[in-house]
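Student: Just dropping this structure here.
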Amino acid sequence: MMWNDRHPMNLWDAFSEMQRVFDEVGRDFAGGVGADYPAMNLWSNDHGLAVTAEMPGVDSKTLDISTVGNTLTIRGRRTVSPPVEGAKCLRDEIGSLEFSRSIQLPFDVDADSAVADYRNGILHLSLKRPESSKPRRIAVSSASA
Amino acid sequence: MSDKKTIHEVAEHEKHAVQQQDAGEPSEAAVLKVEPAANIYETETDFYIVADLPGAVAEDVNVIADGSSLAIAAKAPVARPEGMDGEDVLRQFERWFSLPDGVDQSAAEARLTDGVLTLRLPKAAEARAHRIAVKGS
């Protein structure tokens, strides 16, 4: 029995496969997942930031989210088990993992006002910018006498 | 799951949608095409495919089995939060599998939980392993 996916094979598939192999090798050397997991998106405006992090199948109770200054760190754990007990695994691309990712934010954020929401496998974070770190217009006085 | 479209129609539809996005229509979203990671399991009675589709909701997931092919295709838009600068993000998942003989496609079931799709593909009765009783003389 064969489980050949990606058919028909094309150049893009070949590239994806190569990328996957590189990722797996990097993962083995790192002893866990790479520092680029989970994949994240970030939006900002003058008042704060919105961050999304893709982490399907994660129990939100395992998430540990912290900020220090302008550094955001997300730690968590994903536990993968067979859909039914005793099932034999024929292909194993999704494994159990512990992850930790830190990113630099464009400005300091107020940790107390952070709101986190995990839905459909994506963590949504909303972070406010404290008044003290907002840009200020400095009045220029003229010295004309 | 839908059995109204063929696998090739779905592929064409998805390709068209991506082309529209690439052309900046209907919205200017960053389109990221992803081949989802998947695990495959087997029991005496079923095969299972487990695939990561973060951000997808059940209505946006198409699982089409057609002969010896099975396609998983899904869209997962991450809208730019209101008032934020930047663009929307659209994840476009697609992956094809070749099915082994003896899968009862009409009895397949799919479930989506926390961005993880679990697909159960029951084996047809004749494809299951049978234990042969050995009689003593």
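Order determines the names: the first chain of the structure tokens is A, the second B, and so forth; residues in each chain are numbered 1 upward, and ligands are numbered 1 upward as they are shown.
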Could you build a table of the residues in chain B lying no more than 8 Å from chain A, giving for each the nearest pair of atoms and their separation in Å rounded to one decimal place, using only C-alpha atoms, ordered by chain and ascending residue number, as a tab-separated table?

Tutor:
```
residue	atom	partner	partner_atom	distance
B:Glu35	CA	A:Ser16	CA	7.8
B:Ala37	CA	A:Glu93	CA	5.7
B:Ala38	CA	A:Glu93	CA	5.6
B:Asn39	CA	A:Asp92	CA	4.8
B:Ile40	CA	A:Arg91	CA	4.9
B:Tyr41	CA	A:Cys89	CA	4.4
B:Glu42	CA	A:Lys88	CA	5.1
B:Thr43	CA	A:Ala87	CA	4.9
B:Tyr48	CA	A:Pro83	CA	7.5
B:Asp52	CA	A:Pro56	CA	6.2
B:Leu53	CA	A:Pro56	CA	7.0
B:Pro54	CA	A:Gly121	CA	4.7
B:Gly55	CA	A:Asn120	CA	5.0
B:Ala56	CA	A:Asn120	CA	6.4
B:Val57	CA	A:Asn120	CA	6.9
B:Arg80	CA	A:Trp43	CA	7.3
B:Pro81	CA	A:Ala50	CA	6.9
B:Gly83	CA	A:Asn45	CA	7.3
B:Met84	CA	A:Asn45	CA	5.2
B:Asp85	CA	A:Ser44	CA	5.7
B:Gly86	CA	A:Trp43	CA	6.0
B:Arg95	CA	A:Arg6	CA	6.7
B:Trp96	CA	A:Asp5	CA	5.2
B:Phe97	CA	A:Asp5	CA	4.0
B:Ser98	CA	A:Asn4	CA	5.4
B:Leu99	CA	A:Trp3	CA	6.6
B:Pro100	CA	A:Met1	CA	5.9
B:Asp101	CA	A:Met1	CA	7.9
B:Thr113	CA	A:Asn120	CA	6.9
B:Asp114	CA	A:Asn120	CA	4.3
B:Gly115	CA	A:Gly121	CA	4.3
B:Val116	CA	A:Gly57	CA	5.9
B:Thr118	CA	A:Pro83	CA	7.7
```

Student: One decimal, Å: what's the distance from atom CA of A:Phe107 over to atom CA of A:Thr73, could you say?

Tutor: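 One can read the atom CA of A:Phe107 to atom CA of A:Thr73 distance as 14.4 Å.
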
Student: By how many Å are atom CA of A:Ser100 and atom CA of A:Ile74 apart?

Tutor: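 Taking atom CA of A:Ser100 as the start and atom CA of A:Ile74 as the end point, the length is 5.6 Å.
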
Student: Please measure the separation of atom CA of B:Ala129 and atom CA of B:Arg111, giving the value in Å to one decimal.

Tutor: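 Atom CA of B:Arg111 lies 26.2 Å from atom CA of B:Ala129.
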
Student: Enumerate as a ChimeraX atom specification all residues of stretch 48-132 of chain B assigned to helix (DSSP H, G or I) by DSSP on the backbone, naming them with the chain letters and numbers the document uses.

Tutor: /B:58-60,105-107,125-127

Student: Okay, now the selection with C-alpha atoms, as a CSV table (one decimal), in the first residue's frame?

Tutor:
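And here's result-v7.csv as it stands now:
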```
chain,number,residue,atom,x,y,z
B,58,ALA,CA,-15.4,23.8,9.2
B,59,GLU,CA,-17.3,25.7,6.5
B,60,ASP,CA,-14.1,26.6,4.8
B,105,GLN,CA,-15.2,6.7,0.9
B,106,SER,CA,-19.0,7.1,1.4
B,107,ALA,CA,-18.5,6.4,5.1
B,125,ALA,CA,-15.3,-4.9,4.8
B,126,GLU,CA,-13.5,-7.0,2.2
B,127,ALA,CA,-10.3,-5.0,2.7
```

Student: Identify, with DSSP run on backbone atoms, the residues in stretch 29-115 of chain A assigned to strand (DSSP E or B), and express the list as a ChimeraX atom specification.

Tutor: /A:40-45,48-54,64-68,71-78,88-92,97-104,110-115

Student: Go ahead and save the residues from that selection, with N, CA and C atoms, as a CSV table (one decimal), in the first residue's frame.

Tutor:
```csv
chain,number,residue,atom,x,y,z
A,40,MET,N,4.0,33.7,13.3
A,40,MET,CA,3.3,34.8,13.9
A,40,MET,C,3.0,36.0,12.9
A,41,ASN,N,2.0,36.7,13.1
A,41,ASN,CA,1.7,37.9,12.4
A,41,ASN,C,1.6,39.0,13.4
A,42,LEU,N,2.0,40.2,13.0
A,42,LEU,CA,1.9,41.4,13.9
A,42,LEU,C,1.4,42.6,13.2
A,43,TRP,N,0.5,43.3,13.9
A,43,TRP,CA,0.0,44.5,13.3
A,43,TRP,C,0.2,45.6,14.4
A,44,SER,N,0.3,46.8,14.0
A,44,SER,CA,0.4,47.9,15.0
A,44,SER,C,-0.3,49.1,14.6
A,45,ASN,N,-0.5,50.0,15.6
A,45,ASN,CA,-0.9,51.4,15.4
A,45,ASN,C,-0.3,52.2,16.5
A,48,GLY,N,-1.2,50.5,20.1
A,48,GLY,CA,-0.9,49.2,20.6
A,48,GLY,C,-0.6,48.2,19.4
A,49,LEU,N,-0.7,47.0,19.8
A,49,LEU,CA,-0.3,45.9,18.8
A,49,LEU,C,-1.3,44.8,18.9
A,50,ALA,N,-1.4,44.1,17.7
A,50,ALA,CA,-2.2,42.9,17.7
A,50,ALA,C,-1.3,41.8,17.1
A,51,VAL,N,-1.2,40.6,17.8
A,51,VAL,CA,-0.4,39.5,17.4
A,51,VAL,C,-1.2,38.3,17.2
A,52,THR,N,-0.9,37.5,16.2
A,52,THR,CA,-1.5,36.2,16.1
A,52,THR,C,-0.4,35.2,16.0
A,53,ALA,N,-0.6,34.0,16.6
A,53,ALA,CA,0.4,32.9,16.5
A,53,ALA,C,-0.3,31.6,16.2
A,54,GLU,N,0.2,31.0,15.2
A,54,GLU,CA,-0.5,29.7,14.7
A,54,GLU,C,0.0,28.5,15.5
A,64,ASP,N,2.0,30.0,28.2
A,64,ASP,CA,2.6,30.9,29.1
A,64,ASP,C,3.1,32.1,28.3
A,65,ILE,N,2.4,33.2,28.5
A,65,ILE,CA,2.7,34.4,27.6
A,65,ILE,C,3.2,35.5,28.6
A,66,SER,N,4.4,36.1,28.2
A,66,SER,CA,4.9,37.1,29.1
A,66,SER,C,5.5,38.2,28.2
A,67,THR,N,5.6,39.4,28.8
A,67,THR,CA,6.3,40.5,28.2
A,67,THR,C,7.2,41.1,29.2
A,68,VAL,N,8.4,41.5,28.7
A,68,VAL,CA,9.3,42.3,29.5
A,68,VAL,C,9.8,43.4,28.5
A,71,THR,N,9.8,42.9,24.7
A,71,THR,CA,10.0,41.5,24.3
A,71,THR,C,8.8,40.7,24.7
A,72,LEU,N,8.3,40.0,23.7
A,72,LEU,CA,7.1,39.1,23.9
A,72,LEU,C,7.6,37.7,23.8
A,73,THR,N,7.2,36.9,24.8
A,73,THR,CA,7.6,35.5,24.8
A,73,THR,C,6.4,34.6,25.0
A,74,ILE,N,6.2,33.6,24.1
A,74,ILE,CA,5.1,32.7,24.1
A,74,ILE,C,5.7,31.3,24.3
A,75,ARG,N,5.3,30.6,25.4
A,75,ARG,CA,5.7,29.2,25.6
A,75,ARG,C,4.5,28.4,25.6
A,76,GLY,N,4.6,27.1,25.2
A,76,GLY,CA,3.4,26.2,25.3
A,76,GLY,C,3.8,24.8,25.0
A,77,ARG,N,2.8,23.9,25.0
A,77,ARG,CA,3.1,22.5,24.7
A,77,ARG,C,2.0,21.9,23.9
A,78,ARG,N,2.3,21.1,23.0
A,78,ARG,CA,1.3,20.4,22.2
A,78,ARG,C,1.5,18.9,22.4
A,88,LYS,N,-1.8,2.4,14.6
A,88,LYS,CA,-0.4,2.4,14.1
A,88,LYS,C,-0.1,3.6,13.3
A,89,CYS,N,1.0,4.3,13.6
A,89,CYS,CA,1.3,5.6,12.9
A,89,CYS,C,2.1,5.2,11.6
A,90,LEU,N,1.5,5.6,10.4
A,90,LEU,CA,2.2,5.3,9.1
A,90,LEU,C,3.0,6.5,8.7
A,91,ARG,N,2.6,7.7,9.1
A,91,ARG,CA,3.3,8.9,8.7
A,91,ARG,C,3.3,9.8,9.9
A,92,ASP,N,4.4,10.4,10.3
A,92,ASP,CA,4.5,11.2,11.5
A,92,ASP,C,5.1,12.5,11.2
A,97,LEU,N,5.3,18.5,21.0
A,97,LEU,CA,6.4,19.4,21.1
A,97,LEU,C,6.2,20.5,22.2
A,98,GLU,N,7.3,21.0,22.7
A,98,GLU,CA,7.3,22.1,23.6
A,98,GLU,C,7.9,23.2,22.9
A,99,PHE,N,7.3,24.4,22.9
A,99,PHE,CA,7.9,25.5,22.1
A,99,PHE,C,8.1,26.8,23.0
A,100,SER,N,9.0,27.6,22.5
A,100,SER,CA,9.2,28.9,23.2
A,100,SER,C,9.7,29.8,22.1
A,101,ARG,N,9.0,30.9,21.9
A,101,ARG,CA,9.4,31.9,20.9
A,101,ARG,C,9.4,33.3,21.5
A,102,SER,N,10.4,34.1,21.3
A,102,SER,CA,10.5,35.4,21.8
A,102,SER,C,10.6,36.3,20.6
A,103,ILE,N,9.9,37.4,20.5
A,103,ILE,CA,10.0,38.4,19.5
A,103,ILE,C,10.2,39.8,20.0
A,104,GLN,N,10.9,40.6,19.3
A,104,GLN,CA,11.0,42.0,19.7
A,104,GLN,C,9.8,42.8,19.1
A,110,ASP,N,2.1,47.4,27.7
A,110,ASP,CA,1.6,47.3,29.0
A,110,ASP,C,1.1,45.9,29.3
A,111,ALA,N,1.8,45.1,30.0
A,111,ALA,CA,1.5,43.7,30.2
A,111,ALA,C,0.1,43.5,30.9
A,112,ASP,N,-0.2,44.5,31.8
A,112,ASP,CA,-1.4,44.3,32.6
A,112,ASP,C,-2.7,44.5,31.7
A,113,SER,N,-2.5,45.1,30.5
A,113,SER,CA,-3.7,45.3,29.7
A,113,SER,C,-3.8,44.3,28.6
A,114,ALA,N,-2.9,43.3,28.6
A,114,ALA,CA,-2.9,42.3,27.5
A,114,ALA,C,-4.1,41.4,27.5
A,115,VAL,N,-4.7,41.1,26.3
A,115,VAL,CA,-5.8,40.3,26.2
A,115,VAL,C,-5.4,39.1,25.3
```
